[in-house]
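Here's the structure we're looking at; comments come further down.
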Amino acid sequence: MGKRIVGFWNLLTRLRPTGCRGESILILLPSCLQNSECRQKITNSVEECTGCGRCKTSAIIELARRYGCHVAVATGGRLAMELAKQDQIRAIVAVACEKELQQGLKGVFPKPALGIINIRPNGPCKDTDVNLEEIEKAINYFIRKR
Ligand code: SF4
């Protein structure tokens with residue numbers, strides 16, 4: 001059910017004119033993507049990530065740099081929404097579980113947002129993962145629509 005609702009919000013984004021530059025895109029990551037043994041304070045700033053590669057965070061930061069996108073790690077839905085509502089942000093690529101995405105995508109509307117459901121090999125909220133290709137596709141979707 002959650003997956004279908006995320007699909008519905010993604011479809012709504014795709015039906016509207018949504019193009020923008022990389023610098024106007026925010027990639028929002030859930031804090032559970034960070035390796036549970038990592039002590040870096042990446043919720044303050046993703047610049048805290050040392051790039052050790054134990055989780056996908058470093059690869060996503062690298063990807064974002066290539067496209068000039070912003071990246072932030074949100075500790076909760078409310079913070080994620082505050083970040084997404086900043087004026088300079090015109091499109092959002094959000095990674096989270098179905099439940100968080102349902103609330104988040106609705107919360108940032110009418111800003112265009114594409115939700116990517118995370119992978120949870122260790123159960124919910126711990127050492128989660130995400131498909132990097134899906135993030136890149138979502139970035140390219142917004143950039144190509146310009
Ligand atoms: S890649 Fe970054 S966030 Fe992930 S474990 Fe290493 S330092 Fe921590």
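Order determines the names: the first chain of the structure tokens is A, the second B, and so forth; residues in each chain are numbered 1 upward, and ligands are numbered 1 upward as they are shown.
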
**Message:** I need the strand (DSSP E or B) residues of segment 18-109 of chain A per DSSP on the backbone, written as number ranges by chain.
**Reply:** A: 25-30, 70-74, 91-96

Keeping only N, CA and C atoms, write the selected residues as a short mmCIF file (atom, residue, chain, number, x, y, z; two decimals), in the first residue's frame.
data_model
loop_
_atom_site.label_atom_id
_atom_site.label_comp_id
_atom_site.auth_asym_id
_atom_site.auth_seq_id
_atom_site.Cartn_x
_atom_site.Cartn_y
_atom_site.Cartn_z
N ILE A 25 18.46 21.34 -6.61
CA ILE A 25 17.92 20.05 -6.18
C ILE A 25 18.48 19.68 -4.80
N LEU A 26 17.60 19.25 -3.94
CA LEU A 26 18.03 18.77 -2.62
C LEU A 26 17.83 17.25 -2.55
N ILE A 27 18.89 16.55 -2.18
CA ILE A 27 18.77 15.11 -1.94
C ILE A 27 18.64 14.93 -0.44
N LEU A 28 17.53 14.39 -0.03
CA LEU A 28 17.28 14.21 1.41
C LEU A 28 17.46 12.75 1.79
N LEU A 29 18.32 12.52 2.74
CA LEU A 29 18.63 11.14 3.15
C LEU A 29 18.13 10.88 4.57
N PRO A 30 17.75 9.65 4.86
CA PRO A 30 17.35 9.33 6.22
C PRO A 30 18.59 9.03 7.07
N HIS A 70 22.43 19.73 -3.57
CA HIS A 70 22.59 19.79 -2.11
C HIS A 70 22.23 18.42 -1.53
N VAL A 71 22.87 18.09 -0.42
CA VAL A 71 22.52 16.84 0.27
C VAL A 71 22.33 17.15 1.75
N ALA A 72 21.31 16.58 2.35
CA ALA A 72 21.11 16.74 3.79
C ALA A 72 20.58 15.44 4.36
N VAL A 73 20.94 15.21 5.61
CA VAL A 73 20.44 14.03 6.31
C VAL A 73 19.41 14.52 7.32
N ALA A 74 18.21 14.01 7.23
CA ALA A 74 17.14 14.47 8.12
C ALA A 74 16.90 13.46 9.22
N ALA A 91 13.44 21.42 -6.30
CA ALA A 91 13.02 20.02 -6.49
C ALA A 91 13.72 19.16 -5.45
N ILE A 92 13.08 18.07 -5.08
CA ILE A 92 13.60 17.23 -4.01
C ILE A 92 13.66 15.77 -4.45
N VAL A 93 14.77 15.13 -4.13
CA VAL A 93 14.90 13.69 -4.30
C VAL A 93 14.99 13.14 -2.87
N ALA A 94 13.96 12.44 -2.44
CA ALA A 94 13.91 12.01 -1.05
C ALA A 94 14.05 10.50 -0.94
N VAL A 95 14.95 10.08 -0.06
CA VAL A 95 15.14 8.64 0.21
C VAL A 95 14.60 8.37 1.61
N ALA A 96 13.77 7.38 1.74
CA ALA A 96 13.22 7.01 3.06
C ALA A 96 12.39 5.74 2.92
#

**Request:** Around ligand 1, at most 7 Å away and counting only C-alpha atoms and all ligand atoms, which residues are there? Put them as a list in words, please.
**Result:** Gln34, Asn35, Cys38, Arg39, Gln40, Ile42, Cys49, Thr50, Gly51, Cys52, Gly53, Arg54, Cys55, Lys56, Thr57 and Ser58 of chain A

Once you have the residues from the selection above, write them out as a compact mmCIF listing (two decimals), in the first residue's frame, restricted to all heavy atoms.
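Once everything was written out, this is part31.txt:
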# COMPACT_ATOMS: atom_id res chain seq x y z
N GLN A 34 23.17 6.01 7.48
CA GLN A 34 24.53 6.07 8.05
C GLN A 34 24.85 4.76 8.76
O GLN A 34 24.00 4.22 9.48
CB GLN A 34 24.61 7.23 9.04
CG GLN A 34 25.98 7.38 9.68
CD GLN A 34 26.04 8.58 10.63
OE1 GLN A 34 25.02 9.05 11.13
NE2 GLN A 34 27.24 9.05 10.88
N ASN A 35 26.04 4.27 8.57
CA ASN A 35 26.46 3.05 9.26
C ASN A 35 26.28 3.24 10.77
O ASN A 35 26.69 4.27 11.33
CB ASN A 35 27.92 2.74 8.93
CG ASN A 35 28.38 1.44 9.55
OD1 ASN A 35 28.63 1.37 10.76
ND2 ASN A 35 28.49 0.41 8.75
N CYS A 38 29.20 4.42 12.83
CA CYS A 38 29.87 5.67 12.46
C CYS A 38 29.51 6.77 13.46
O CYS A 38 28.34 6.94 13.80
CB CYS A 38 29.43 6.07 11.06
SG CYS A 38 30.06 7.67 10.54
N ARG A 39 30.50 7.48 13.94
CA ARG A 39 30.26 8.53 14.94
C ARG A 39 30.31 9.94 14.34
O ARG A 39 30.26 10.92 15.06
CB ARG A 39 31.30 8.42 16.09
CG ARG A 39 31.18 7.15 16.90
CD ARG A 39 29.89 7.12 17.75
NE ARG A 39 29.55 5.76 18.19
CZ ARG A 39 28.61 5.00 17.63
NH1 ARG A 39 27.90 5.44 16.63
NH2 ARG A 39 28.35 3.79 18.10
N GLN A 40 30.43 10.04 13.03
CA GLN A 40 30.47 11.36 12.39
C GLN A 40 29.09 12.02 12.48
O GLN A 40 28.07 11.35 12.30
CB GLN A 40 30.88 11.23 10.91
CG GLN A 40 32.26 10.65 10.69
CD GLN A 40 33.33 11.40 11.43
OE1 GLN A 40 33.96 10.86 12.34
NE2 GLN A 40 33.52 12.65 11.06
N ILE A 42 26.89 13.55 10.77
CA ILE A 42 26.45 13.94 9.42
C ILE A 42 25.06 14.58 9.40
O ILE A 42 24.67 15.15 8.40
CB ILE A 42 26.52 12.77 8.41
CG1 ILE A 42 25.58 11.63 8.81
CG2 ILE A 42 27.93 12.29 8.22
CD1 ILE A 42 25.37 10.61 7.71
N CYS A 49 31.08 13.61 6.84
CA CYS A 49 31.37 12.26 6.35
C CYS A 49 32.82 12.20 5.86
O CYS A 49 33.24 13.05 5.08
CB CYS A 49 30.40 11.91 5.22
SG CYS A 49 30.83 10.40 4.33
N THR A 50 33.56 11.22 6.33
CA THR A 50 34.97 11.12 5.95
C THR A 50 35.17 10.30 4.67
O THR A 50 36.28 10.12 4.20
CB THR A 50 35.80 10.47 7.08
OG1 THR A 50 35.26 9.16 7.31
CG2 THR A 50 35.76 11.29 8.36
N GLY A 51 34.07 9.76 4.16
CA GLY A 51 34.14 9.02 2.90
C GLY A 51 34.73 7.63 3.04
O GLY A 51 35.32 7.10 2.10
N CYS A 52 34.53 7.01 4.21
CA CYS A 52 35.13 5.69 4.44
C CYS A 52 34.48 4.59 3.59
O CYS A 52 35.08 3.54 3.38
CB CYS A 52 35.06 5.33 5.91
SG CYS A 52 33.42 4.82 6.44
N GLY A 53 33.26 4.82 3.14
CA GLY A 53 32.59 3.84 2.27
C GLY A 53 31.87 2.73 2.99
O GLY A 53 31.37 1.79 2.36
N ARG A 54 31.76 2.81 4.33
CA ARG A 54 31.04 1.75 5.05
C ARG A 54 29.53 1.86 4.84
O ARG A 54 28.79 0.93 5.15
CB ARG A 54 31.34 1.81 6.55
CG ARG A 54 32.66 1.16 6.93
CD ARG A 54 32.86 1.22 8.43
NE ARG A 54 32.92 2.60 8.90
CZ ARG A 54 32.81 2.96 10.17
NH1 ARG A 54 32.64 2.06 11.10
NH2 ARG A 54 32.89 4.23 10.51
N CYS A 55 29.07 3.01 4.39
CA CYS A 55 27.66 3.13 4.00
C CYS A 55 27.58 3.93 2.72
O CYS A 55 28.58 4.46 2.23
CB CYS A 55 26.83 3.76 5.13
SG CYS A 55 27.11 5.52 5.37
N LYS A 56 26.35 4.05 2.16
CA LYS A 56 26.19 4.72 0.85
C LYS A 56 26.34 6.23 0.92
O LYS A 56 26.40 6.89 -0.12
CB LYS A 56 24.80 4.40 0.28
CG LYS A 56 24.65 3.07 -0.41
CD LYS A 56 25.26 3.04 -1.79
CE LYS A 56 25.34 1.62 -2.33
NZ LYS A 56 24.05 0.99 -2.57
N THR A 57 26.37 6.79 2.13
CA THR A 57 26.39 8.26 2.24
C THR A 57 27.50 8.87 1.40
O THR A 57 27.26 9.83 0.65
CB THR A 57 26.55 8.67 3.72
OG1 THR A 57 25.56 8.01 4.49
CG2 THR A 57 26.41 10.17 3.90
N SER A 58 28.70 8.33 1.50
CA SER A 58 29.83 8.94 0.78
C SER A 58 29.62 8.90 -0.74
O SER A 58 29.91 9.87 -1.44
CB SER A 58 31.15 8.27 1.15
OG SER A 58 31.07 6.88 0.99

**Asked** Got a sec: who's within 7 Å of Thr128 of chain A, counting only C-alpha atoms, leaving out chain neighbours fewer than 3 positions off, as a PyMOL selection string?
**Response** chain A and resi 32-33+118-122+125

**Prompt:** From the set A:Gly22, A:Leu83, A:Ser31, A:Ala113, which residue has the shortest atom-to-atom contact distance to Asp129 of chain A, counting only C-alpha atoms?
**Reply:** A:Ser31

**Request:** Can you work out the spacing between atom CA of Arg78 of chain A and atom CA of Val108 of chain A in Å, to one decimal?
**Result:** 10.3 Å

Do a neighbour search on Glu136 of chain A at 12 Å with only C-alpha atoms, toss out local chain neighbours closer than 3 positions, and write the hits as a compact mmCIF listing (two decimals) with C-alpha atoms, in the first residue's frame.
# COMPACT_ATOMS: atom_id res chain seq x y z
CA GLY A 22 21.37 20.67 -10.21
CA ILE A 25 17.92 20.05 -6.18
CA ILE A 27 18.77 15.11 -1.94
CA ALA A 59 28.84 7.68 -2.69
CA ILE A 60 25.71 9.85 -2.64
CA ILE A 61 27.73 12.92 -1.62
CA GLU A 62 30.09 12.23 -4.52
CA LEU A 63 27.15 11.86 -6.91
CA ALA A 64 25.60 15.11 -5.64
CA ARG A 65 28.91 16.96 -6.14
CA ARG A 66 29.00 15.84 -9.77
CA TYR A 67 25.59 17.40 -10.39
CA CYS A 69 23.05 19.18 -5.84
CA VAL A 93 14.90 13.69 -4.30
CA ALA A 94 13.91 12.01 -1.05
CA LEU A 114 10.56 12.14 -6.28
CA ILE A 116 12.95 6.58 -3.51
CA VAL A 130 19.56 2.66 -1.36
CA ASN A 131 20.02 2.06 -5.05
CA LEU A 132 22.42 4.78 -6.27
CA GLU A 133 21.17 4.46 -9.85
CA ILE A 139 18.40 13.91 -10.50
CA ASN A 140 18.58 13.52 -14.26
CA TYR A 141 14.82 13.57 -14.51
CA PHE A 142 14.69 17.07 -13.00
CA ILE A 143 17.72 18.34 -14.96
CA ARG A 144 16.49 17.02 -18.32

**Request:** Going by DSSP on the backbone, which bits of segment 84-113 of chain A are alpha helix (DSSP H)? Write them as a ChimeraX atom specification, please.
**Result:** /A:84,98-108

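Distance annotation: of A:Leu79, A:Cys97, A:Ala138, A:Ile117, the residue with the minimal separation from Cys20 of chain A is A:Ala138; atom set is only C-alpha atoms.
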
**Complete:** A straight line from atom CA of Leu12 of chain A to atom CA of Ser24 of chain A spans 19.4 Å

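If you look at atom CA of Lys3 of chain A and atom CA of Ala84 of chain A, they are 21.4 Å away from each other.
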